[in-house]
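final_26.cif follows (mmCIF, N, CA and C atoms):
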```
data_final
#
loop_
_atom_site.label_atom_id
_atom_site.label_comp_id
_atom_site.auth_asym_id
_atom_site.auth_seq_id
_atom_site.Cartn_x
_atom_site.Cartn_y
_atom_site.Cartn_z
N MET A 88 18.99 22.08 23.47
CA MET A 88 18.10 21.51 24.45
C MET A 88 17.13 22.56 24.96
N GLN A 89 17.57 23.83 25.01
CA GLN A 89 16.68 24.89 25.45
C GLN A 89 15.51 25.04 24.49
N GLU A 90 15.75 24.80 23.20
CA GLU A 90 14.67 24.89 22.22
C GLU A 90 13.59 23.86 22.51
N LEU A 91 13.99 22.67 22.96
CA LEU A 91 13.01 21.65 23.32
C LEU A 91 12.12 22.14 24.44
N GLU A 92 12.69 22.82 25.39
CA GLU A 92 11.93 23.31 26.53
C GLU A 92 10.99 24.44 26.13
N LYS A 93 11.33 25.20 25.08
CA LYS A 93 10.49 26.31 24.63
C LYS A 93 9.32 25.82 23.79
N THR A 94 9.45 24.64 23.19
CA THR A 94 8.40 24.12 22.33
C THR A 94 7.16 23.85 23.15
N GLU A 95 6.00 24.31 22.64
CA GLU A 95 4.74 24.04 23.33
C GLU A 95 4.61 22.53 23.50
N ASP A 96 4.11 22.11 24.64
CA ASP A 96 4.09 20.71 25.00
C ASP A 96 2.82 19.98 24.54
N VAL A 97 2.01 20.63 23.69
CA VAL A 97 0.75 20.02 23.28
C VAL A 97 0.53 20.24 21.80
N LEU A 98 0.17 19.19 21.08
CA LEU A 98 -0.24 19.31 19.69
C LEU A 98 -1.74 19.58 19.67
N SER A 99 -2.21 20.37 18.71
CA SER A 99 -3.64 20.62 18.63
C SER A 99 -4.36 19.30 18.35
N LEU A 100 -5.61 19.20 18.77
CA LEU A 100 -6.38 17.98 18.54
C LEU A 100 -6.51 17.68 17.06
N ASP A 101 -6.71 18.71 16.24
CA ASP A 101 -6.82 18.53 14.79
C ASP A 101 -5.52 17.94 14.22
N THR A 102 -4.40 18.51 14.64
CA THR A 102 -3.09 18.02 14.18
C THR A 102 -2.86 16.59 14.65
N LEU A 103 -3.16 16.32 15.90
CA LEU A 103 -2.95 14.99 16.46
C LEU A 103 -3.83 13.95 15.77
N GLU A 104 -5.08 14.30 15.49
CA GLU A 104 -5.98 13.37 14.81
C GLU A 104 -5.46 13.03 13.42
N LYS A 105 -5.06 14.05 12.66
CA LYS A 105 -4.54 13.81 11.31
C LYS A 105 -3.27 12.95 11.37
N LEU A 106 -2.44 13.24 12.34
CA LEU A 106 -1.19 12.49 12.48
C LEU A 106 -1.45 11.03 12.81
N LEU A 107 -2.32 10.78 13.78
CA LEU A 107 -2.58 9.41 14.21
C LEU A 107 -3.42 8.63 13.21
N VAL A 108 -4.39 9.26 12.59
CA VAL A 108 -5.27 8.56 11.66
C VAL A 108 -4.62 8.40 10.28
N GLU A 109 -4.01 9.48 9.78
CA GLU A 109 -3.42 9.44 8.44
C GLU A 109 -1.96 9.01 8.45
N GLY A 110 -1.30 9.14 9.60
CA GLY A 110 0.09 8.73 9.71
C GLY A 110 1.06 9.57 8.90
N ASP A 111 0.71 10.84 8.64
CA ASP A 111 1.56 11.69 7.81
C ASP A 111 2.09 12.87 8.62
N MET A 112 3.41 12.91 8.80
CA MET A 112 4.04 13.98 9.56
C MET A 112 4.43 15.15 8.68
N SER A 113 4.26 15.03 7.36
CA SER A 113 4.77 16.05 6.44
C SER A 113 4.09 17.40 6.60
N LYS A 114 2.89 17.42 7.13
CA LYS A 114 2.17 18.68 7.29
C LYS A 114 2.46 19.36 8.63
N LEU A 115 3.28 18.71 9.46
CA LEU A 115 3.65 19.29 10.74
C LEU A 115 4.80 20.27 10.57
N SER A 116 4.84 21.26 11.42
CA SER A 116 5.99 22.16 11.44
C SER A 116 7.17 21.42 12.05
N PRO A 117 8.40 21.92 11.86
CA PRO A 117 9.55 21.26 12.50
C PRO A 117 9.38 21.14 14.02
N GLY A 118 8.82 22.16 14.66
CA GLY A 118 8.60 22.10 16.11
C GLY A 118 7.59 21.04 16.49
N GLU A 119 6.53 20.89 15.69
CA GLU A 119 5.53 19.86 15.95
C GLU A 119 6.10 18.47 15.73
N ARG A 120 6.92 18.31 14.68
CA ARG A 120 7.56 17.01 14.44
C ARG A 120 8.47 16.64 15.59
N LEU A 121 9.23 17.60 16.07
CA LEU A 121 10.14 17.37 17.20
C LEU A 121 9.36 17.00 18.45
N LEU A 122 8.26 17.69 18.70
CA LEU A 122 7.43 17.39 19.85
C LEU A 122 6.85 15.99 19.75
N TYR A 123 6.34 15.65 18.57
CA TYR A 123 5.78 14.31 18.37
C TYR A 123 6.85 13.24 18.57
N TYR A 124 8.02 13.46 17.99
CA TYR A 124 9.16 12.54 18.14
C TYR A 124 9.45 12.32 19.63
N ARG A 125 9.54 13.42 20.36
CA ARG A 125 9.83 13.34 21.80
C ARG A 125 8.74 12.59 22.55
N LYS A 126 7.47 12.86 22.21
CA LYS A 126 6.36 12.21 22.90
C LYS A 126 6.33 10.71 22.61
N VAL A 127 6.62 10.32 21.39
CA VAL A 127 6.68 8.88 21.06
C VAL A 127 7.79 8.23 21.86
N CYS A 128 8.94 8.86 21.93
CA CYS A 128 10.05 8.33 22.72
C CYS A 128 9.65 8.18 24.18
N GLU A 129 9.05 9.22 24.74
CA GLU A 129 8.62 9.17 26.15
C GLU A 129 7.63 8.04 26.38
N SER A 130 6.69 7.86 25.46
CA SER A 130 5.67 6.82 25.65
C SER A 130 6.26 5.42 25.63
N LEU A 131 7.39 5.26 24.96
CA LEU A 131 8.04 3.94 24.88
C LEU A 131 9.20 3.79 25.85
N GLY A 132 9.57 4.86 26.54
CA GLY A 132 10.69 4.81 27.46
C GLY A 132 12.05 4.90 26.76
N LEU A 133 12.08 5.53 25.57
CA LEU A 133 13.32 5.64 24.80
C LEU A 133 13.96 7.01 25.00
N ASN A 134 15.27 7.05 24.88
CA ASN A 134 16.02 8.29 24.98
C ASN A 134 16.06 8.95 23.60
N PRO A 135 15.39 10.10 23.39
CA PRO A 135 15.36 10.73 22.08
C PRO A 135 16.72 11.24 21.62
N LEU A 136 17.64 11.48 22.56
CA LEU A 136 18.95 12.00 22.20
C LEU A 136 19.84 10.94 21.54
N THR A 137 19.44 9.68 21.59
CA THR A 137 20.21 8.60 20.96
C THR A 137 19.71 8.29 19.55
N LYS A 138 18.76 9.07 19.05
CA LYS A 138 18.17 8.94 17.71
C LYS A 138 17.60 7.54 17.47
N PRO A 139 16.56 7.17 18.23
CA PRO A 139 15.95 5.86 18.04
C PRO A 139 15.10 5.75 16.78
N PHE A 140 14.71 6.89 16.20
CA PHE A 140 13.89 6.89 14.99
C PHE A 140 14.52 7.75 13.91
N GLY A 141 14.22 7.42 12.69
CA GLY A 141 14.55 8.27 11.55
C GLY A 141 13.24 8.64 10.87
N TYR A 142 13.32 9.50 9.88
CA TYR A 142 12.15 9.83 9.07
C TYR A 142 12.24 9.08 7.76
N ILE A 143 11.12 8.60 7.27
CA ILE A 143 11.07 7.93 5.98
C ILE A 143 9.76 8.32 5.30
N THR A 144 9.79 8.48 3.99
CA THR A 144 8.59 8.77 3.23
C THR A 144 8.13 7.49 2.55
N LEU A 145 6.92 7.05 2.89
CA LEU A 145 6.31 5.86 2.31
C LEU A 145 4.94 6.23 1.78
N ASP A 146 4.67 5.88 0.54
CA ASP A 146 3.39 6.20 -0.09
C ASP A 146 3.06 7.68 0.05
N GLY A 147 4.07 8.53 -0.05
CA GLY A 147 3.87 9.97 0.01
C GLY A 147 3.66 10.53 1.40
N ARG A 148 3.78 9.69 2.44
CA ARG A 148 3.59 10.14 3.82
C ARG A 148 4.90 10.08 4.58
N LEU A 149 5.21 11.15 5.28
CA LEU A 149 6.40 11.19 6.14
C LEU A 149 6.05 10.53 7.46
N THR A 150 6.84 9.56 7.85
CA THR A 150 6.55 8.82 9.09
C THR A 150 7.84 8.49 9.81
N LEU A 151 7.71 8.04 11.05
CA LEU A 151 8.88 7.62 11.82
C LEU A 151 9.27 6.21 11.42
N TYR A 152 10.57 5.96 11.37
CA TYR A 152 11.12 4.66 11.04
C TYR A 152 11.98 4.22 12.23
N VAL A 153 11.70 3.03 12.75
CA VAL A 153 12.43 2.52 13.92
C VAL A 153 13.85 2.13 13.52
N LEU A 154 14.83 2.64 14.25
CA LEU A 154 16.23 2.32 14.00
C LEU A 154 16.73 1.30 15.03
N LYS A 155 17.90 0.74 14.76
CA LYS A 155 18.48 -0.28 15.62
C LYS A 155 18.60 0.18 17.06
N CYS A 156 18.92 1.45 17.25
CA CYS A 156 19.06 1.99 18.60
C CYS A 156 17.78 1.81 19.40
N ALA A 157 16.63 2.02 18.76
CA ALA A 157 15.34 1.86 19.45
C ALA A 157 15.12 0.41 19.83
N THR A 158 15.38 -0.50 18.91
CA THR A 158 15.13 -1.91 19.21
C THR A 158 16.05 -2.40 20.33
N GLU A 159 17.29 -1.92 20.34
CA GLU A 159 18.21 -2.30 21.42
C GLU A 159 17.73 -1.78 22.77
N GLN A 160 17.26 -0.53 22.79
CA GLN A 160 16.75 0.03 24.04
C GLN A 160 15.51 -0.72 24.51
N LEU A 161 14.61 -1.03 23.59
CA LEU A 161 13.38 -1.75 23.95
C LEU A 161 13.69 -3.16 24.45
N ARG A 162 14.63 -3.84 23.79
CA ARG A 162 15.02 -5.17 24.26
C ARG A 162 15.56 -5.10 25.68
N SER A 163 16.37 -4.09 25.97
CA SER A 163 16.93 -3.93 27.30
C SER A 163 15.84 -3.59 28.32
N LEU A 164 14.98 -2.65 27.99
CA LEU A 164 13.91 -2.24 28.91
C LEU A 164 12.99 -3.39 29.27
N HIS A 165 12.68 -4.22 28.29
CA HIS A 165 11.71 -5.30 28.49
C HIS A 165 12.36 -6.67 28.70
N LYS A 166 13.69 -6.65 28.86
CA LYS A 166 14.45 -7.87 29.14
C LYS A 166 14.13 -8.99 28.15
N ILE A 167 14.35 -8.67 26.88
CA ILE A 167 14.09 -9.62 25.80
C ILE A 167 15.43 -10.10 25.25
N SER A 168 15.55 -11.43 25.11
CA SER A 168 16.77 -12.03 24.57
C SER A 168 16.47 -12.69 23.24
N VAL A 169 17.38 -12.52 22.30
CA VAL A 169 17.29 -13.25 21.04
C VAL A 169 17.85 -14.64 21.30
N ILE A 170 17.03 -15.67 21.05
CA ILE A 170 17.49 -17.03 21.33
C ILE A 170 17.82 -17.79 20.05
N GLU A 171 17.35 -17.31 18.91
CA GLU A 171 17.68 -17.96 17.64
C GLU A 171 17.45 -16.99 16.50
N MET A 172 18.34 -17.03 15.49
CA MET A 172 18.17 -16.22 14.30
C MET A 172 18.53 -17.05 13.09
N GLN A 173 17.62 -17.08 12.13
CA GLN A 173 17.85 -17.82 10.89
C GLN A 173 17.79 -16.84 9.72
N THR A 174 18.71 -17.00 8.79
CA THR A 174 18.71 -16.16 7.60
C THR A 174 18.72 -17.05 6.37
N LYS A 175 18.04 -16.58 5.32
CA LYS A 175 18.08 -17.29 4.05
C LYS A 175 17.77 -16.32 2.93
N GLN A 176 18.21 -16.69 1.74
CA GLN A 176 17.95 -15.88 0.57
C GLN A 176 17.06 -16.66 -0.37
N LEU A 177 15.95 -16.04 -0.76
CA LEU A 177 15.01 -16.64 -1.70
C LEU A 177 14.99 -15.77 -2.95
N GLY A 178 15.78 -16.15 -3.94
CA GLY A 178 15.90 -15.31 -5.13
C GLY A 178 16.58 -14.01 -4.77
N ASP A 179 15.89 -12.90 -5.02
CA ASP A 179 16.41 -11.57 -4.70
C ASP A 179 16.00 -11.10 -3.31
N VAL A 180 15.30 -11.96 -2.56
CA VAL A 180 14.78 -11.57 -1.25
C VAL A 180 15.61 -12.22 -0.15
N TYR A 181 16.04 -11.38 0.81
CA TYR A 181 16.80 -11.84 1.97
C TYR A 181 15.83 -11.89 3.14
N VAL A 182 15.67 -13.07 3.76
CA VAL A 182 14.69 -13.28 4.83
C VAL A 182 15.41 -13.59 6.14
N VAL A 183 14.96 -12.93 7.21
CA VAL A 183 15.51 -13.16 8.53
C VAL A 183 14.35 -13.53 9.46
N GLN A 184 14.53 -14.61 10.21
CA GLN A 184 13.54 -15.02 11.21
C GLN A 184 14.23 -15.07 12.56
N VAL A 185 13.64 -14.38 13.54
CA VAL A 185 14.23 -14.26 14.86
C VAL A 185 13.25 -14.79 15.90
N THR A 186 13.77 -15.61 16.82
CA THR A 186 12.98 -16.07 17.95
C THR A 186 13.52 -15.38 19.19
N GLU A 187 12.59 -14.78 19.95
CA GLU A 187 12.97 -14.03 21.14
C GLU A 187 12.22 -14.56 22.35
N ARG A 188 12.79 -14.29 23.53
CA ARG A 188 12.16 -14.71 24.78
C ARG A 188 12.29 -13.57 25.79
N ASN A 189 11.19 -13.30 26.51
CA ASN A 189 11.28 -12.29 27.56
C ASN A 189 11.62 -12.96 28.89
N ASN A 190 11.79 -12.16 29.92
CA ASN A 190 12.24 -12.71 31.21
C ASN A 190 11.17 -13.54 31.90
N GLU A 191 9.94 -13.53 31.39
CA GLU A 191 8.87 -14.37 31.94
C GLU A 191 8.72 -15.68 31.17
N GLY A 192 9.57 -15.88 30.15
CA GLY A 192 9.55 -17.13 29.41
C GLY A 192 8.69 -17.10 28.15
N ARG A 193 8.01 -16.01 27.89
CA ARG A 193 7.18 -15.90 26.69
C ARG A 193 8.09 -15.78 25.47
N THR A 194 7.81 -16.57 24.44
CA THR A 194 8.60 -16.49 23.22
C THR A 194 7.75 -15.93 22.08
N ASP A 195 8.45 -15.37 21.12
CA ASP A 195 7.80 -14.80 19.94
C ASP A 195 8.74 -14.99 18.76
N ILE A 196 8.16 -15.13 17.58
CA ILE A 196 8.95 -15.26 16.35
C ILE A 196 8.55 -14.15 15.41
N ALA A 197 9.54 -13.47 14.85
CA ALA A 197 9.29 -12.40 13.89
C ALA A 197 10.08 -12.69 12.62
N THR A 198 9.49 -12.34 11.48
CA THR A 198 10.14 -12.54 10.20
C THR A 198 10.18 -11.22 9.45
N GLY A 199 11.32 -10.92 8.85
CA GLY A 199 11.48 -9.71 8.04
C GLY A 199 12.09 -10.08 6.71
N ALA A 200 11.75 -9.32 5.68
CA ALA A 200 12.28 -9.59 4.34
C ALA A 200 12.64 -8.28 3.66
N VAL A 201 13.75 -8.33 2.92
CA VAL A 201 14.19 -7.17 2.15
C VAL A 201 14.46 -7.63 0.73
#
```
Take the structure from the file and write it as C-alpha cells.
Amino acid sequence: MQELEKTEDVLSLDTLEKLLVEGDMSKLSPGERLLYYRKVCESLGLNPLTKPFGYITLDGRLTLYVLKCATEQLRSLHKISVIEMQTKQLGDVYVVQVTERNNEGRTDIATGAV
C-alpha cells in the first residue's frame, strides 16, 4: 500500500490522451497502469483492493476488463435489482438477457452472448 502512495498521482497528458483515445494500456509502465486502475476505480466508486477489473488483450491492445466484483459493487452503489434473467442457447452461442430496475423505477434490458 505504501507503493501506491509513492506513485505520482498524475499521468502525463500525452500518456492520458493515448490511453483514452487508443484504449491501449500496454505502453504504460506498471506504475502508470496501477495509477490508471486506481483512478478508474475512484471515478466509479469501486474499491480497487477487491480487484474489480482484470487485464485483457483485445485486438492487440491491453485494456481493463470488468469482473463480477465490479458489477456487484456498482449494483449496490446505484441500488439496482435484477428483476428477470433469461438464458438460451442458439447453436454454439449462449445468450443471457437481464432486466434490471433501479430504486427510482427505471428499467433497462441488457443482452450478452458468448
Would you tabulate, counting only C-alpha atoms, all residues of segment 105-133 of chain A that have an atom at most 10 Å from an atom of segment 162-183 of chain A, showing the closest pair of atoms and their distance in Å to one decimal, sorted by chain then ascending number, as JSON lines?
```
{"residue": "A:Leu131", "atom": "CA", "partner": "A:Leu164", "partner_atom": "CA", "distance": 9.4}
{"residue": "A:Gly132", "atom": "CA", "partner": "A:Leu164", "partner_atom": "CA", "distance": 7.9}
{"residue": "A:Leu133", "atom": "CA", "partner": "A:Leu164", "partner_atom": "CA", "distance": 8.9}
```
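Straight-line separation from atom N of Leu154 of chain A to atom N of Gly141 of chain A: 5.1 Å.
Shortest separation to Glu119 of chain A among A:Thr186, A:Thr137, A:Thr150, A:Thr102 occurs at residue A:Thr102, atoms counted being only C-alpha atoms.
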Discussion item. With DSSP run on the backbone, what are the strand (DSSP E or B) residues within segment 111-187 of chain A? I'd like them as a VMD selection string.
Written reply: chain A and resid 140 to 145 148 to 153 167 to 177 180 to 187
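Closest approach to Tyr152 of chain A from the set A:Pro139, A:Ser99, A:Gly118, A:Glu129 is made by A:Pro139, with distances taken over all atoms listed in the file.
Running the PyMOL selection byres (((chain A and resi 123 and name CA) around 10) and name CA) on this file leaves Asp96, Val97, Leu98, Leu103, Leu106, Met112, Leu115, Pro117, Gly118, Glu119, Arg120, Leu121, Leu122, Tyr124, Arg125, Lys126, Val127, Cys128, Glu129 and Leu151 of chain A selected.
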Kindly save the residues from that selection, with N, CA and C atoms included, as an mmCIF file, in the coordinates of the input.
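Saved result, selection_36.cif, follows:
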```cif
data_model
loop_
_atom_site.group_PDB
_atom_site.id
_atom_site.type_symbol
_atom_site.label_atom_id
_atom_site.label_comp_id
_atom_site.auth_asym_id
_atom_site.auth_seq_id
_atom_site.Cartn_x
_atom_site.Cartn_y
_atom_site.Cartn_z
ATOM 1 N N ASP A 96 4.110 22.110 24.640
ATOM 2 C CA ASP A 96 4.090 20.710 25.000
ATOM 3 C C ASP A 96 2.820 19.980 24.540
ATOM 4 N N VAL A 97 2.010 20.630 23.690
ATOM 5 C CA VAL A 97 0.750 20.020 23.280
ATOM 6 C C VAL A 97 0.530 20.240 21.800
ATOM 7 N N LEU A 98 0.170 19.190 21.080
ATOM 8 C CA LEU A 98 -0.240 19.310 19.690
ATOM 9 C C LEU A 98 -1.740 19.580 19.670
ATOM 10 N N LEU A 103 -3.160 16.320 15.900
ATOM 11 C CA LEU A 103 -2.950 14.990 16.460
ATOM 12 C C LEU A 103 -3.830 13.950 15.770
ATOM 13 N N LEU A 106 -2.440 13.240 12.340
ATOM 14 C CA LEU A 106 -1.190 12.490 12.480
ATOM 15 C C LEU A 106 -1.450 11.030 12.810
ATOM 16 N N MET A 112 3.410 12.910 8.800
ATOM 17 C CA MET A 112 4.040 13.980 9.560
ATOM 18 C C MET A 112 4.430 15.150 8.680
ATOM 19 N N LEU A 115 3.280 18.710 9.460
ATOM 20 C CA LEU A 115 3.650 19.290 10.740
ATOM 21 C C LEU A 115 4.800 20.270 10.570
ATOM 22 N N PRO A 117 8.400 21.920 11.860
ATOM 23 C CA PRO A 117 9.550 21.260 12.500
ATOM 24 C C PRO A 117 9.380 21.140 14.020
ATOM 25 N N GLY A 118 8.820 22.160 14.660
ATOM 26 C CA GLY A 118 8.600 22.100 16.110
ATOM 27 C C GLY A 118 7.590 21.040 16.490
ATOM 28 N N GLU A 119 6.530 20.890 15.690
ATOM 29 C CA GLU A 119 5.530 19.860 15.950
ATOM 30 C C GLU A 119 6.100 18.470 15.730
ATOM 31 N N ARG A 120 6.920 18.310 14.680
ATOM 32 C CA ARG A 120 7.560 17.010 14.440
ATOM 33 C C ARG A 120 8.470 16.640 15.590
ATOM 34 N N LEU A 121 9.230 17.600 16.070
ATOM 35 C CA LEU A 121 10.140 17.370 17.200
ATOM 36 C C LEU A 121 9.360 17.000 18.450
ATOM 37 N N LEU A 122 8.260 17.690 18.700
ATOM 38 C CA LEU A 122 7.430 17.390 19.850
ATOM 39 C C LEU A 122 6.850 15.990 19.750
ATOM 40 N N TYR A 124 8.020 13.460 17.990
ATOM 41 C CA TYR A 124 9.160 12.540 18.140
ATOM 42 C C TYR A 124 9.450 12.320 19.630
ATOM 43 N N ARG A 125 9.540 13.420 20.360
ATOM 44 C CA ARG A 125 9.830 13.340 21.800
ATOM 45 C C ARG A 125 8.740 12.590 22.550
ATOM 46 N N LYS A 126 7.470 12.860 22.210
ATOM 47 C CA LYS A 126 6.360 12.210 22.900
ATOM 48 C C LYS A 126 6.330 10.710 22.610
ATOM 49 N N VAL A 127 6.620 10.320 21.390
ATOM 50 C CA VAL A 127 6.680 8.880 21.060
ATOM 51 C C VAL A 127 7.790 8.230 21.860
ATOM 52 N N CYS A 128 8.940 8.860 21.930
ATOM 53 C CA CYS A 128 10.050 8.330 22.720
ATOM 54 C C CYS A 128 9.650 8.180 24.180
ATOM 55 N N GLU A 129 9.050 9.220 24.740
ATOM 56 C CA GLU A 129 8.620 9.170 26.150
ATOM 57 C C GLU A 129 7.630 8.040 26.380
ATOM 58 N N LEU A 151 7.710 8.040 11.050
ATOM 59 C CA LEU A 151 8.880 7.620 11.820
ATOM 60 C C LEU A 151 9.270 6.210 11.420
#
```
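Computed from the coordinates, the atom CA of Arg148 of chain A to atom CA of Asp111 of chain A distance equals 4.7 Å.
Atom C of Glu191 of chain A sits 27.7 Å away from atom N of Phe140 of chain A.
Distances from A:Ser113, A:Asn134, A:Thr198, A:Gln160 to Gln184 of chain A were compared using only N, CA and C atoms, and the smallest one belongs to A:Thr198.
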So which bits of chain A end up alpha helix (DSSP H) when you DSSP the backbone, as a PyMOL selection string? chain A and resi 89-93+100-109+117-131+155-164
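Of the residues under consideration (A:Gly147, A:Asn189, A:Lys155, A:Ala197), A:Gly147 shows the shortest atom-to-atom contact distance to Gly110 of chain A when counting only N, CA and C atoms.
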Give, as AutoDock Vina command-line options, the centre coordinates and the x, y and z edge lengths in Å to one decimal for an axis-aligned box around all listed atoms of segment 157-172 of chain A, padded by 5 Å on each side.
```
--center_x 15.1 --center_y -8.0 --center_z 21.2 --size_x 16.8 --size_y 30.0 --size_z 26.2
```
Could you give me segment 108-117 of chain A completed to all heavy atoms, formatted as a compact mmCIF listing (two decimals), in the frame of the given file?
```
# COMPACT_ATOMS: atom_id res chain seq x y z
N VAL A 108 -4.39 9.26 12.59
CA VAL A 108 -5.27 8.56 11.66
C VAL A 108 -4.62 8.40 10.28
O VAL A 108 -4.65 7.33 9.69
CB VAL A 108 -6.63 9.29 11.53
CG1 VAL A 108 -7.48 8.67 10.45
CG2 VAL A 108 -7.36 9.26 12.87
N GLU A 109 -4.01 9.48 9.78
CA GLU A 109 -3.42 9.44 8.44
C GLU A 109 -1.96 9.01 8.45
O GLU A 109 -1.44 8.57 7.45
CB GLU A 109 -3.55 10.81 7.78
CG GLU A 109 -5.00 11.24 7.56
CD GLU A 109 -5.13 12.67 7.08
OE1 GLU A 109 -4.11 13.26 6.66
OE2 GLU A 109 -6.24 13.20 7.12
N GLY A 110 -1.30 9.14 9.60
CA GLY A 110 0.09 8.73 9.71
C GLY A 110 1.06 9.57 8.90
O GLY A 110 2.10 9.09 8.49
N ASP A 111 0.71 10.84 8.64
CA ASP A 111 1.56 11.69 7.81
C ASP A 111 2.09 12.87 8.62
O ASP A 111 1.33 13.73 9.06
CB ASP A 111 0.76 12.21 6.61
CG ASP A 111 1.61 12.97 5.62
OD1 ASP A 111 2.85 13.03 5.79
OD2 ASP A 111 1.04 13.52 4.66
N MET A 112 3.41 12.91 8.80
CA MET A 112 4.04 13.98 9.56
C MET A 112 4.43 15.15 8.68
O MET A 112 4.89 16.17 9.17
CB MET A 112 5.29 13.45 10.27
CG MET A 112 5.01 12.37 11.28
SD MET A 112 6.53 11.64 11.95
CE MET A 112 7.37 13.06 12.63
N SER A 113 4.26 15.03 7.36
CA SER A 113 4.77 16.05 6.44
C SER A 113 4.09 17.40 6.60
O SER A 113 4.66 18.43 6.26
CB SER A 113 4.64 15.58 4.99
OG SER A 113 3.28 15.46 4.61
N LYS A 114 2.89 17.42 7.13
CA LYS A 114 2.17 18.68 7.29
C LYS A 114 2.46 19.36 8.63
O LYS A 114 1.97 20.44 8.90
CB LYS A 114 0.67 18.45 7.12
CG LYS A 114 0.33 18.00 5.71
CD LYS A 114 -1.15 17.73 5.54
CE LYS A 114 -1.48 17.34 4.12
NZ LYS A 114 -1.13 15.99 3.78
N LEU A 115 3.28 18.71 9.46
CA LEU A 115 3.65 19.29 10.74
C LEU A 115 4.80 20.27 10.57
O LEU A 115 5.65 20.09 9.70
CB LEU A 115 4.06 18.20 11.73
CG LEU A 115 3.04 17.13 12.09
CD1 LEU A 115 3.64 16.15 13.07
CD2 LEU A 115 1.76 17.73 12.63
N SER A 116 4.84 21.26 11.42
CA SER A 116 5.99 22.16 11.44
C SER A 116 7.17 21.42 12.05
O SER A 116 6.98 20.39 12.72
CB SER A 116 5.66 23.40 12.28
OG SER A 116 5.59 23.05 13.66
N PRO A 117 8.40 21.92 11.86
CA PRO A 117 9.55 21.26 12.50
C PRO A 117 9.38 21.14 14.02
O PRO A 117 9.73 20.11 14.60
CB PRO A 117 10.72 22.17 12.14
CG PRO A 117 10.32 22.79 10.84
CD PRO A 117 8.83 23.00 10.97
```
